Protein chains: 6
Amino acid sequence: MADVWLQSLITATPQEGFELAITLSRRGVKYTQPDTEVLHKLRPEYANSADALTAASQVIAINFQTVAAANDYWRKK
Amino acid sequence: MADVWLQSLITATPQEGFELAITLSRRGVKYTQPDTEVLHKLRPEYANSADALTAASQVIAINFQTVAAANDYWRKK
Amino acid sequence: MADVWLQSLITATPQEGFELAITLSRRGVKYTQPDTEVLHKLRPEYANSADALTAASQVIAINFQTVAAANDYWRKK
Amino acid sequence: MADVWLQSLITATPQEGFELAITLSRRGVKYTQPDTEVLHKLRPEYANSADALTAASQVIAINFQTVAAANDYWRKK
Amino acid sequence: MADVWLQSLITATPQEGFELAITLSRRGVKYTQPDTEVLHKLRPEYANSADALTAASQVIAINFQTVAAANDYWRKK
Amino acid sequence: MADVWLQSLITATPQEGFELAITLSRRGVKYTQPDTEVLHKLRPEYANSADALTAASQVIAINFQTVAAANDYWRKK
(Lines give C-alpha, C1' and ligand atoms only; values in the text may rest on other atoms or scores of the structure.)
Protein backbone atom coordinates (compact mmCIF):
# COMPACT_ATOMS: atom_id res chain seq x y z
CA MET A 1 0.00 0.00 0.00
CA ALA A 2 2.87 2.28 0.92
CA ASP A 3 4.34 1.49 -2.48
CA VAL A 4 2.85 3.83 -5.11
CA TRP A 5 3.07 2.08 -8.46
CA LEU A 6 -0.01 3.35 -10.36
CA GLN A 7 -0.45 7.10 -10.56
CA SER A 8 -2.36 7.36 -13.80
CA LEU A 9 -3.74 5.30 -16.68
CA ILE A 10 -2.76 8.00 -19.18
CA THR A 11 0.23 7.27 -21.40
CA ALA A 12 1.87 9.21 -24.21
CA THR A 13 1.63 6.44 -26.81
CA PRO A 14 -0.34 3.21 -27.39
CA GLN A 15 2.85 1.22 -26.94
CA GLU A 16 3.42 2.70 -23.50
CA GLY A 17 -0.23 1.88 -22.82
CA PHE A 18 0.41 -1.73 -23.78
CA GLU A 19 3.38 -1.80 -21.46
CA LEU A 20 1.23 -0.39 -18.66
CA ALA A 21 -1.25 -3.20 -19.34
CA ILE A 22 1.61 -5.66 -18.77
CA THR A 23 2.45 -3.94 -15.47
CA LEU A 24 -1.19 -4.22 -14.37
CA SER A 25 -1.24 -7.91 -15.28
CA ARG A 26 1.92 -8.59 -13.27
CA ARG A 27 0.64 -6.59 -10.32
CA GLY A 28 -2.51 -8.72 -10.31
CA VAL A 29 -0.25 -11.74 -9.83
CA LYS A 30 1.92 -10.02 -7.24
CA TYR A 31 -0.97 -8.94 -5.02
CA THR A 32 -2.05 -12.59 -4.92
CA GLN A 33 1.45 -14.00 -4.38
CA PRO A 34 3.70 -11.26 -2.96
CA ASP A 35 6.66 -13.58 -2.35
CA THR A 36 9.03 -12.73 -5.22
CA GLU A 37 11.06 -15.89 -4.60
CA VAL A 38 8.01 -18.07 -5.24
CA LEU A 39 7.20 -16.00 -8.34
CA HIS A 40 10.74 -16.48 -9.56
CA LYS A 41 10.50 -20.25 -9.12
CA LEU A 42 7.19 -20.34 -11.04
CA ARG A 43 8.62 -18.46 -14.02
CA PRO A 44 9.92 -21.48 -16.00
CA GLU A 45 6.54 -23.15 -15.48
CA TYR A 46 4.65 -20.55 -17.49
CA ALA A 47 7.37 -19.07 -19.69
CA ASN A 48 7.82 -22.46 -21.36
CA SER A 49 4.21 -23.41 -21.76
CA ALA A 50 2.25 -22.31 -24.81
CA ASP A 51 -1.02 -22.41 -22.87
CA ALA A 52 0.36 -20.30 -20.03
CA LEU A 53 1.77 -17.72 -22.45
CA THR A 54 -1.56 -17.44 -24.24
CA ALA A 55 -3.28 -17.02 -20.86
CA ALA A 56 -0.79 -14.28 -19.92
CA SER A 57 -1.41 -12.54 -23.25
CA GLN A 58 -5.15 -12.68 -22.55
CA VAL A 59 -4.82 -10.88 -19.22
CA ILE A 60 -2.69 -8.23 -20.93
CA ALA A 61 -5.38 -7.87 -23.62
CA ILE A 62 -8.06 -7.29 -20.97
CA ASN A 63 -5.97 -4.70 -19.17
CA PHE A 64 -5.09 -3.06 -22.47
CA GLN A 65 -8.82 -2.56 -23.11
CA THR A 66 -8.97 -0.52 -19.92
CA VAL A 67 -5.84 1.51 -20.63
CA ALA A 68 -6.84 2.14 -24.25
CA ALA A 69 -10.30 3.37 -23.22
CA ALA A 70 -8.72 5.62 -20.57
CA ASN A 71 -6.60 7.22 -23.28
CA ASP A 72 -9.53 7.51 -25.69
CA TYR A 73 -7.53 5.13 -27.89
CA TRP A 74 -4.84 7.79 -28.49
CA ARG A 75 -7.06 8.98 -31.34
CA LYS A 76 -5.75 12.52 -31.45
CA LYS A 77 -2.23 11.32 -32.29
CA MET B 1 -25.84 -9.45 3.74
CA ALA B 2 -25.66 -7.74 7.10
CA ASP B 3 -21.99 -7.11 6.40
CA VAL B 4 -21.59 -3.91 4.34
CA TRP B 5 -18.34 -4.18 2.40
CA LEU B 6 -19.04 -2.25 -0.82
CA GLN B 7 -20.34 1.27 -0.43
CA SER B 8 -19.04 2.81 -3.61
CA LEU B 9 -16.98 2.07 -6.71
CA ILE B 10 -15.40 5.52 -6.57
CA THR B 11 -11.79 5.70 -5.42
CA ALA B 12 -9.34 8.59 -5.07
CA THR B 13 -6.61 7.07 -7.25
CA PRO B 14 -6.24 4.35 -9.92
CA GLN B 15 -4.15 2.31 -7.51
CA GLU B 16 -6.92 2.30 -4.93
CA GLY B 17 -9.23 1.32 -7.76
CA PHE B 18 -6.98 -1.62 -8.58
CA GLU B 19 -7.04 -2.64 -4.94
CA LEU B 20 -10.83 -2.43 -4.94
CA ALA B 21 -10.81 -4.73 -7.98
CA ILE B 22 -8.84 -7.22 -5.89
CA THR B 23 -11.42 -6.95 -3.11
CA LEU B 24 -14.23 -7.61 -5.61
CA SER B 25 -12.38 -10.65 -6.96
CA ARG B 26 -11.91 -12.09 -3.47
CA ARG B 27 -15.51 -11.41 -2.54
CA GLY B 28 -16.61 -13.34 -5.62
CA VAL B 29 -14.73 -16.32 -4.20
CA LYS B 30 -16.02 -15.78 -0.69
CA TYR B 31 -19.69 -15.64 -1.69
CA THR B 32 -19.21 -19.03 -3.36
CA GLN B 33 -17.19 -20.57 -0.51
CA PRO B 34 -17.88 -18.63 2.72
CA ASP B 35 -15.91 -21.04 4.93
CA THR B 36 -12.67 -19.14 5.61
CA GLU B 37 -10.98 -22.30 6.86
CA VAL B 38 -11.52 -24.03 3.53
CA LEU B 39 -10.28 -20.91 1.72
CA HIS B 40 -7.19 -20.88 3.90
CA LYS B 41 -6.45 -24.51 3.07
CA LEU B 42 -6.83 -23.82 -0.66
CA ARG B 43 -4.36 -20.93 -0.61
CA PRO B 44 -1.15 -22.94 -1.23
CA GLU B 45 -2.93 -24.64 -4.15
CA TYR B 46 -3.29 -21.44 -6.15
CA ALA B 47 -0.57 -19.25 -4.70
CA ASN B 48 2.05 -21.69 -5.97
CA SER B 49 0.60 -22.38 -9.38
CA ALA B 50 1.47 -20.13 -12.30
CA ASP B 51 -1.81 -20.96 -14.03
CA ALA B 52 -3.87 -20.16 -10.94
CA LEU B 53 -2.08 -16.85 -10.43
CA THR B 54 -2.69 -15.86 -14.05
CA ALA B 55 -6.36 -16.78 -13.63
CA ALA B 56 -6.55 -14.68 -10.46
CA SER B 57 -4.94 -11.76 -12.29
CA GLN B 58 -7.53 -12.11 -15.04
CA VAL B 59 -10.45 -11.79 -12.63
CA ILE B 60 -8.80 -8.70 -11.16
CA ALA B 61 -8.39 -7.27 -14.68
CA ILE B 62 -12.10 -7.77 -15.39
CA ASN B 63 -13.12 -6.13 -12.14
CA PHE B 64 -10.65 -3.32 -12.75
CA GLN B 65 -12.42 -2.57 -16.05
CA THR B 66 -15.59 -1.97 -14.04
CA VAL B 67 -13.94 0.16 -11.36
CA ALA B 68 -11.96 2.19 -13.90
CA ALA B 69 -15.09 2.93 -15.95
CA ALA B 70 -16.94 3.93 -12.77
CA ASN B 71 -14.19 6.46 -12.05
CA ASP B 72 -14.11 7.71 -15.63
CA TYR B 73 -10.55 6.37 -15.67
CA TRP B 74 -9.42 9.03 -13.15
CA ARG B 75 -8.89 11.25 -16.19
CA LYS B 76 -9.22 14.55 -14.35
CA LYS B 77 -6.23 13.74 -12.13
CA MET C 1 -40.20 -19.43 -17.82
CA ALA C 2 -43.20 -19.13 -15.54
CA ASP C 3 -40.82 -18.33 -12.71
CA VAL C 4 -40.06 -14.58 -12.71
CA TRP C 5 -36.66 -14.08 -11.09
CA LEU C 6 -35.23 -11.03 -12.89
CA GLN C 7 -37.41 -7.94 -12.97
CA SER C 8 -34.75 -5.27 -13.18
CA LEU C 9 -30.99 -4.74 -13.24
CA ILE C 10 -31.31 -1.64 -11.08
CA THR C 11 -30.21 -1.95 -7.46
CA ALA C 12 -30.01 0.54 -4.61
CA THR C 13 -26.33 -0.02 -3.82
CA PRO C 14 -23.22 -1.46 -5.51
CA GLN C 15 -23.20 -4.30 -3.00
CA GLU C 16 -26.73 -5.32 -3.97
CA GLY C 17 -25.56 -5.07 -7.56
CA PHE C 18 -22.73 -7.47 -6.80
CA GLU C 19 -25.20 -9.85 -5.20
CA LEU C 20 -27.40 -9.62 -8.29
CA ALA C 21 -24.34 -10.53 -10.36
CA ILE C 22 -24.01 -13.66 -8.23
CA THR C 23 -27.67 -14.49 -8.85
CA LEU C 24 -27.15 -14.09 -12.61
CA SER C 25 -24.10 -16.38 -12.47
CA ARG C 26 -26.02 -19.06 -10.61
CA ARG C 27 -28.99 -18.78 -12.96
CA GLY C 28 -26.63 -19.33 -15.90
CA VAL C 29 -25.71 -22.64 -14.30
CA LYS C 30 -29.27 -23.53 -13.41
CA TYR C 31 -30.64 -22.99 -16.92
CA THR C 32 -28.00 -25.44 -18.16
CA GLN C 33 -28.53 -27.99 -15.39
CA PRO C 34 -32.00 -27.48 -13.85
CA ASP C 35 -31.79 -30.58 -11.65
CA THR C 36 -31.07 -29.14 -8.17
CA GLU C 37 -30.08 -32.55 -6.86
CA VAL C 38 -27.28 -32.80 -9.43
CA LEU C 39 -26.22 -29.25 -8.62
CA HIS C 40 -26.14 -30.11 -4.95
CA LYS C 41 -23.91 -33.12 -5.60
CA LEU C 42 -21.52 -30.99 -7.68
CA ARG C 43 -21.11 -28.39 -4.95
CA PRO C 44 -18.17 -29.99 -3.08
CA GLU C 45 -16.41 -30.41 -6.44
CA TYR C 46 -16.12 -26.67 -7.04
CA ALA C 47 -16.39 -25.24 -3.54
CA ASN C 48 -13.16 -27.01 -2.60
CA SER C 49 -11.16 -26.28 -5.70
CA ALA C 50 -9.17 -23.07 -5.99
CA ASP C 51 -9.46 -23.12 -9.79
CA ALA C 52 -13.22 -23.59 -9.69
CA LEU C 53 -13.66 -20.77 -7.20
CA THR C 54 -11.57 -18.43 -9.34
CA ALA C 55 -13.67 -19.41 -12.36
CA ALA C 56 -16.86 -18.72 -10.40
CA SER C 57 -15.49 -15.33 -9.34
CA GLN C 58 -14.76 -14.56 -12.99
CA VAL C 59 -18.34 -15.18 -14.09
CA ILE C 60 -19.52 -12.94 -11.24
CA ALA C 61 -17.07 -10.24 -12.41
CA ILE C 62 -18.46 -10.39 -15.95
CA ASN C 63 -22.05 -10.16 -14.74
CA PHE C 64 -21.09 -7.35 -12.35
CA GLN C 65 -19.83 -5.35 -15.37
CA THR C 66 -23.33 -5.55 -16.80
CA VAL C 67 -25.12 -4.68 -13.57
CA ALA C 68 -22.72 -1.83 -12.79
CA ALA C 69 -23.18 -0.31 -16.25
CA ALA C 70 -26.96 -0.63 -15.91
CA ASN C 71 -26.77 1.38 -12.69
CA ASP C 72 -24.40 3.94 -14.19
CA TYR C 73 -21.94 2.70 -11.57
CA TRP C 74 -24.07 4.14 -8.74
CA ARG C 75 -22.16 7.39 -9.37
CA LYS C 76 -24.80 9.69 -7.92
CA LYS C 77 -24.51 8.03 -4.49
CA MET D 1 -28.78 -19.78 -43.09
CA ALA D 2 -32.27 -20.50 -44.31
CA ASP D 3 -33.34 -20.92 -40.69
CA VAL D 4 -34.12 -17.48 -39.19
CA TRP D 5 -33.59 -17.70 -35.43
CA LEU D 6 -32.40 -14.19 -34.49
CA GLN D 7 -34.56 -11.32 -35.61
CA SER D 8 -33.75 -8.79 -32.91
CA LEU D 9 -31.75 -8.31 -29.72
CA ILE D 10 -34.57 -6.31 -28.16
CA THR D 11 -36.61 -8.05 -25.47
CA ALA D 12 -39.46 -6.89 -23.25
CA THR D 13 -37.79 -7.74 -19.94
CA PRO D 14 -34.28 -8.42 -18.56
CA GLN D 15 -35.26 -12.01 -17.91
CA GLU D 16 -36.21 -12.54 -21.56
CA GLY D 17 -32.88 -10.90 -22.38
CA PHE D 18 -31.10 -13.43 -20.20
CA GLU D 19 -32.95 -16.23 -21.97
CA LEU D 20 -31.92 -14.78 -25.33
CA ALA D 21 -28.31 -14.81 -24.08
CA ILE D 22 -28.74 -18.54 -23.42
CA THR D 23 -30.07 -19.03 -26.95
CA LEU D 24 -27.05 -17.18 -28.37
CA SER D 25 -24.69 -19.35 -26.32
CA ARG D 26 -26.33 -22.54 -27.55
CA ARG D 27 -26.32 -21.34 -31.14
CA GLY D 28 -22.58 -20.70 -30.85
CA VAL D 29 -22.19 -24.38 -30.00
CA LYS D 30 -24.61 -25.51 -32.70
CA TYR D 31 -22.89 -23.60 -35.51
CA THR D 32 -19.66 -25.38 -34.54
CA GLN D 33 -21.25 -28.83 -34.12
CA PRO D 34 -24.55 -28.93 -36.07
CA ASP D 35 -25.11 -32.67 -35.49
CA THR D 36 -27.79 -32.71 -32.78
CA GLU D 37 -27.13 -36.37 -32.06
CA VAL D 38 -23.53 -35.61 -31.13
CA LEU D 39 -24.69 -32.67 -29.01
CA HIS D 40 -27.16 -34.93 -27.27
CA LYS D 41 -24.43 -37.45 -26.46
CA LEU D 42 -22.19 -34.70 -25.06
CA ARG D 43 -24.86 -33.38 -22.70
CA PRO D 44 -24.09 -35.61 -19.69
CA GLU D 45 -20.41 -34.68 -20.06
CA TYR D 46 -20.99 -31.02 -19.28
CA ALA D 47 -24.28 -31.08 -17.36
CA ASN D 48 -22.59 -33.12 -14.63
CA SER D 49 -19.33 -31.24 -14.41
CA ALA D 50 -19.03 -28.19 -12.18
CA ASP D 51 -16.28 -26.73 -14.39
CA ALA D 52 -18.32 -27.18 -17.56
CA LEU D 53 -21.39 -25.56 -15.97
CA THR D 54 -19.33 -22.57 -14.82
CA ALA D 55 -17.91 -22.27 -18.35
CA ALA D 56 -21.42 -22.39 -19.80
CA SER D 57 -22.53 -19.71 -17.36
CA GLN D 58 -19.60 -17.55 -18.46
CA VAL D 59 -20.61 -17.67 -22.12
CA ILE D 60 -24.14 -16.72 -21.12
CA ALA D 61 -22.74 -13.80 -19.08
CA ILE D 62 -20.80 -12.52 -22.09
CA ASN D 63 -23.82 -12.76 -24.36
CA PHE D 64 -25.98 -11.14 -21.71
CA GLN D 65 -23.63 -8.12 -21.77
CA THR D 66 -24.46 -7.71 -25.44
CA VAL D 67 -28.21 -8.17 -25.05
CA ALA D 68 -28.35 -5.88 -22.00
CA ALA D 69 -26.47 -3.12 -23.82
CA ALA D 70 -28.77 -3.51 -26.84
CA ASN D 71 -31.75 -2.94 -24.57
CA ASP D 72 -30.10 0.00 -22.79
CA TYR D 73 -30.30 -2.19 -19.69
CA TRP D 74 -34.11 -1.98 -19.68
CA ARG D 75 -33.62 1.25 -17.69
CA LYS D 76 -36.94 2.79 -18.64
CA LYS D 77 -38.86 -0.06 -16.98
CA MET E 1 -2.99 -10.43 -46.86
CA ALA E 2 -3.87 -10.53 -50.53
CA ASP E 3 -7.08 -12.31 -49.59
CA VAL E 4 -9.74 -9.73 -48.65
CA TRP E 5 -12.20 -11.42 -46.32
CA LEU E 6 -13.37 -8.59 -44.03
CA GLN E 7 -14.67 -5.48 -45.73
CA SER E 8 -17.06 -4.24 -43.08
CA LEU E 9 -18.51 -5.07 -39.68
CA ILE E 10 -21.94 -3.82 -40.75
CA THR E 11 -24.58 -6.47 -41.43
CA ALA E 12 -28.24 -6.25 -42.38
CA THR E 13 -29.55 -8.36 -39.49
CA PRO E 14 -28.39 -9.56 -36.03
CA GLN E 15 -28.28 -13.11 -37.32
CA GLU E 16 -25.88 -12.14 -40.11
CA GLY E 17 -23.90 -10.35 -37.42
CA PHE E 18 -23.73 -13.54 -35.40
CA GLU E 19 -22.54 -15.40 -38.47
CA LEU E 20 -19.87 -12.74 -39.05
CA ALA E 21 -18.76 -13.30 -35.42
CA ILE E 22 -18.30 -16.97 -36.29
CA THR E 23 -16.22 -16.02 -39.32
CA LEU E 24 -14.03 -13.78 -37.13
CA SER E 25 -13.56 -16.61 -34.63
CA ARG E 26 -12.52 -19.04 -37.34
CA ARG E 27 -10.18 -16.51 -38.92
CA GLY E 28 -8.48 -16.07 -35.54
CA VAL E 29 -7.72 -19.79 -35.63
CA LYS E 30 -6.68 -19.74 -39.27
CA TYR E 31 -4.18 -16.90 -38.87
CA THR E 32 -2.53 -18.94 -36.11
CA GLN E 33 -2.63 -22.25 -38.01
CA PRO E 34 -2.99 -21.55 -41.74
CA ASP E 35 -2.55 -25.19 -42.77
CA THR E 36 -6.11 -26.28 -43.60
CA GLU E 37 -5.10 -29.94 -43.53
CA VAL E 38 -4.01 -29.65 -39.90
CA LEU E 39 -7.22 -27.77 -39.08
CA HIS E 40 -9.23 -30.51 -40.74
CA LYS E 41 -7.50 -33.17 -38.64
CA LEU E 42 -8.17 -31.21 -35.45
CA ARG E 43 -11.88 -30.91 -36.13
CA PRO E 44 -13.03 -34.17 -34.46
CA GLU E 45 -10.97 -33.19 -31.39
CA TYR E 46 -13.08 -30.12 -30.63
CA ALA E 47 -16.35 -30.92 -32.36
CA ASN E 48 -16.83 -33.89 -30.03
CA SER E 49 -15.75 -32.28 -26.80
CA ALA E 50 -18.24 -30.36 -24.69
CA ASP E 51 -15.48 -28.16 -23.23
CA ALA E 52 -14.10 -27.30 -26.64
CA LEU E 53 -17.55 -26.43 -27.99
CA THR E 54 -18.22 -24.16 -25.02
CA ALA E 55 -14.84 -22.50 -25.59
CA ALA E 56 -15.68 -22.00 -29.26
CA SER E 57 -19.04 -20.50 -28.31
CA GLN E 58 -17.23 -18.11 -25.96
CA VAL E 59 -14.97 -16.76 -28.71
CA ILE E 60 -18.05 -16.26 -30.89
CA ALA E 61 -19.74 -14.39 -28.01
CA ILE E 62 -16.76 -12.04 -27.66
CA ASN E 63 -16.67 -11.33 -31.38
CA PHE E 64 -20.44 -10.88 -31.43
CA GLN E 65 -20.04 -8.11 -28.82
CA THR E 66 -17.84 -6.27 -31.32
CA VAL E 67 -20.11 -6.82 -34.30
CA ALA E 68 -23.24 -5.91 -32.33
CA ALA E 69 -21.68 -2.66 -31.08
CA ALA E 70 -20.56 -1.82 -34.63
CA ASN E 71 -24.16 -2.16 -35.78
CA ASP E 72 -25.52 -0.19 -32.83
CA TYR E 73 -27.28 -3.44 -31.90
CA TRP E 74 -29.52 -3.20 -35.00
CA ARG E 75 -31.80 -1.05 -32.84
CA LYS E 76 -33.45 0.77 -35.71
CA LYS E 77 -34.83 -2.50 -37.10
CA MET F 1 11.44 -0.55 -25.32
CA ALA F 2 13.77 0.86 -27.93
CA ASP F 3 11.79 -1.11 -30.50
CA VAL F 4 8.76 0.93 -31.63
CA TRP F 5 6.14 -1.52 -32.83
CA LEU F 6 2.83 0.19 -31.98
CA GLN F 7 2.38 3.72 -33.22
CA SER F 8 -1.38 3.83 -33.53
CA LEU F 9 -4.50 1.74 -33.16
CA ILE F 10 -6.04 3.33 -36.26
CA THR F 11 -6.17 1.19 -39.39
CA ALA F 12 -7.59 1.80 -42.85
CA THR F 13 -9.84 -1.26 -42.91
CA PRO F 14 -11.42 -3.74 -40.45
CA GLN F 15 -9.23 -6.49 -41.85
CA GLU F 16 -6.07 -4.52 -41.09
CA GLY F 17 -7.57 -3.95 -37.65
CA PHE F 18 -7.98 -7.69 -37.19
CA GLU F 19 -4.37 -8.18 -38.23
CA LEU F 20 -3.29 -5.54 -35.71
CA ALA F 21 -5.23 -7.49 -33.06
CA ILE F 22 -3.13 -10.53 -33.97
CA THR F 23 0.05 -8.47 -33.59
CA LEU F 24 -1.09 -7.29 -30.14
CA SER F 25 -1.82 -10.89 -29.12
CA ARG F 26 1.61 -12.06 -30.21
CA ARG F 27 3.31 -9.13 -28.50
CA GLY F 28 1.56 -10.07 -25.27
CA VAL F 29 3.25 -13.46 -25.54
CA LYS F 30 6.59 -11.99 -26.55
CA TYR F 31 6.78 -9.56 -23.63
CA THR F 32 6.30 -12.54 -21.31
CA GLN F 33 8.72 -14.84 -23.14
CA PRO F 34 11.15 -12.71 -25.20
CA ASP F 35 13.34 -15.66 -26.21
CA THR F 36 12.31 -16.30 -29.83
CA GLU F 37 13.99 -19.71 -29.81
CA VAL F 38 11.76 -20.88 -26.96
CA LEU F 39 8.72 -19.45 -28.75
CA HIS F 40 9.73 -21.30 -31.90
CA LYS F 41 9.96 -24.57 -29.99
CA LEU F 42 6.53 -24.04 -28.44
CA ARG F 43 4.86 -23.46 -31.79
CA PRO F 44 3.98 -27.10 -32.62
CA GLU F 45 2.51 -27.44 -29.12
CA TYR F 46 -0.24 -24.89 -29.75
CA ALA F 47 -0.52 -24.92 -33.53
CA ASN F 48 -1.61 -28.56 -33.40
CA SER F 49 -3.97 -28.36 -30.47
CA ALA F 50 -7.61 -27.42 -30.99
CA ASP F 51 -7.85 -26.00 -27.46
CA ALA F 52 -4.75 -23.86 -27.87
CA LEU F 53 -5.97 -22.51 -31.22
CA THR F 54 -9.34 -21.59 -29.72
CA ALA F 55 -7.53 -19.86 -26.84
CA ALA F 56 -5.37 -17.94 -29.32
CA SER F 57 -8.47 -16.92 -31.26
CA GLN F 58 -10.01 -15.67 -28.01
CA VAL F 59 -7.08 -13.36 -27.24
CA ILE F 60 -7.32 -12.00 -30.79
CA ALA F 61 -11.07 -11.42 -30.29
CA ILE F 62 -10.40 -9.42 -27.10
CA ASN F 63 -7.75 -7.30 -28.79
CA PHE F 64 -10.00 -6.84 -31.82
CA GLN F 65 -12.64 -5.32 -29.50
CA THR F 66 -10.10 -2.67 -28.56
CA VAL F 67 -8.93 -1.97 -32.10
CA ALA F 68 -12.49 -1.89 -33.46
CA ALA F 69 -13.60 0.58 -30.77
CA ALA F 70 -10.54 2.74 -31.50
CA ASN F 71 -11.60 2.92 -35.14
CA ASP F 72 -15.24 3.56 -34.30
CA TYR F 73 -15.91 0.24 -36.00
CA TRP F 74 -14.89 1.68 -39.40
CA ARG F 75 -18.50 2.83 -39.65
CA LYS F 76 -17.86 5.64 -42.11
CA LYS F 77 -16.52 3.21 -44.72
# chains A, B, ... in the order shown; residues from 1 in each chain; ligands from 1
$ closest_atom_pairs --of "chain B" --to "region 39-50 of chain C" --cutoff "12 Å" --atoms "only C-alpha atoms" --output "Markdown table"
| residue | atom | partner | partner_atom | distance |
| --- | --- | --- | --- | --- |
| B:Arg26 | CA | C:Ala50 | CA | 11.6 |
| B:Val29 | CA | C:Ala50 | CA | 8.9 |
| B:Lys30 | CA | C:Ala47 | CA | 9.9 |
| B:Tyr31 | CA | C:Ala47 | CA | 10.3 |
| B:Thr32 | CA | C:Ala47 | CA | 6.8 |
| B:Gln33 | CA | C:Ala47 | CA | 5.6 |
| B:Pro34 | CA | C:Ala47 | CA | 9.2 |
| B:Asp35 | CA | C:Ala47 | CA | 9.5 |
| B:Thr36 | CA | C:Asn48 | CA | 11.4 |
| B:Glu37 | CA | C:Asn48 | CA | 10.8 |
| B:Val38 | CA | C:Asn48 | CA | 7.0 |
| B:Leu39 | CA | C:Asn48 | CA | 8.0 |
| B:His40 | CA | C:Ala50 | CA | 10.3 |
| B:Lys41 | CA | C:Asn48 | CA | 9.1 |
| B:Leu42 | CA | C:Ala50 | CA | 5.9 |
| B:Arg43 | CA | C:Ala50 | CA | 7.5 |
| B:Pro44 | CA | C:Ala50 | CA | 9.3 |
| B:Glu45 | CA | C:Ala50 | CA | 6.7 |
| B:Tyr46 | CA | C:Ala50 | CA | 6.1 |
| B:Ala47 | CA | C:Ala50 | CA | 9.5 |
| B:Asn48 | CA | C:Ala50 | CA | 11.3 |
| B:Ser49 | CA | C:Ala50 | CA | 10.4 |
| B:Asp51 | CA | C:Ala50 | CA | 11.1 |
| B:Ala52 | CA | C:Ala50 | CA | 7.8 |
| B:Leu53 | CA | C:Ala50 | CA | 10.4 |
| B:Ala55 | CA | C:Ala50 | CA | 10.3 |
| B:Ala56 | CA | C:Ala50 | CA | 9.9 |
$ residues_around --residues "region 65-69 of chain C" --least-positions-apart "6" --cutoff "6 Å" --atoms "only C-alpha atoms" --output "list of chain:residue names"
B:Thr66, C:Leu9, D:Gln65
$ residues_around --residues "Ala12 (chain A)" --least-positions-apart "3" --cutoff "9 Å" --atoms "only C-alpha atoms" --output "list of chain:residue names"
A:Gln15, A:Glu16, A:Gly17, A:Asn71, A:Trp74
$ residues_around --residues "Asn63 (chain C)" --least-positions-apart "6" --cutoff "9 Å" --atoms "only C-alpha atoms" --output "VMD selection string"
(chain C and resid 18 20 to 22 24 to 25) or (chain D and resid 58 61 to 62 64 to 65)
$ select_by_dssp --residues "chain B" --states "alpha helix (DSSP H)" --output "PyMOL selection string"
chain B and resi 14-32+36-47+50-70
$ atom_distance --atom1 "CA of Leu6 (chain C)" --atom2 "CA of Val59 (chain C)"
17.4 Å
$ atom_distance --atom1 "CA of Arg75 (chain A)" --atom2 "CA of Ile10 (chain F)"
7.6 Å
$ atom_distance --atom1 "CA of Thr54 (chain A)" --atom2 "CA of Asp3 (chain F)"
22.0 Å
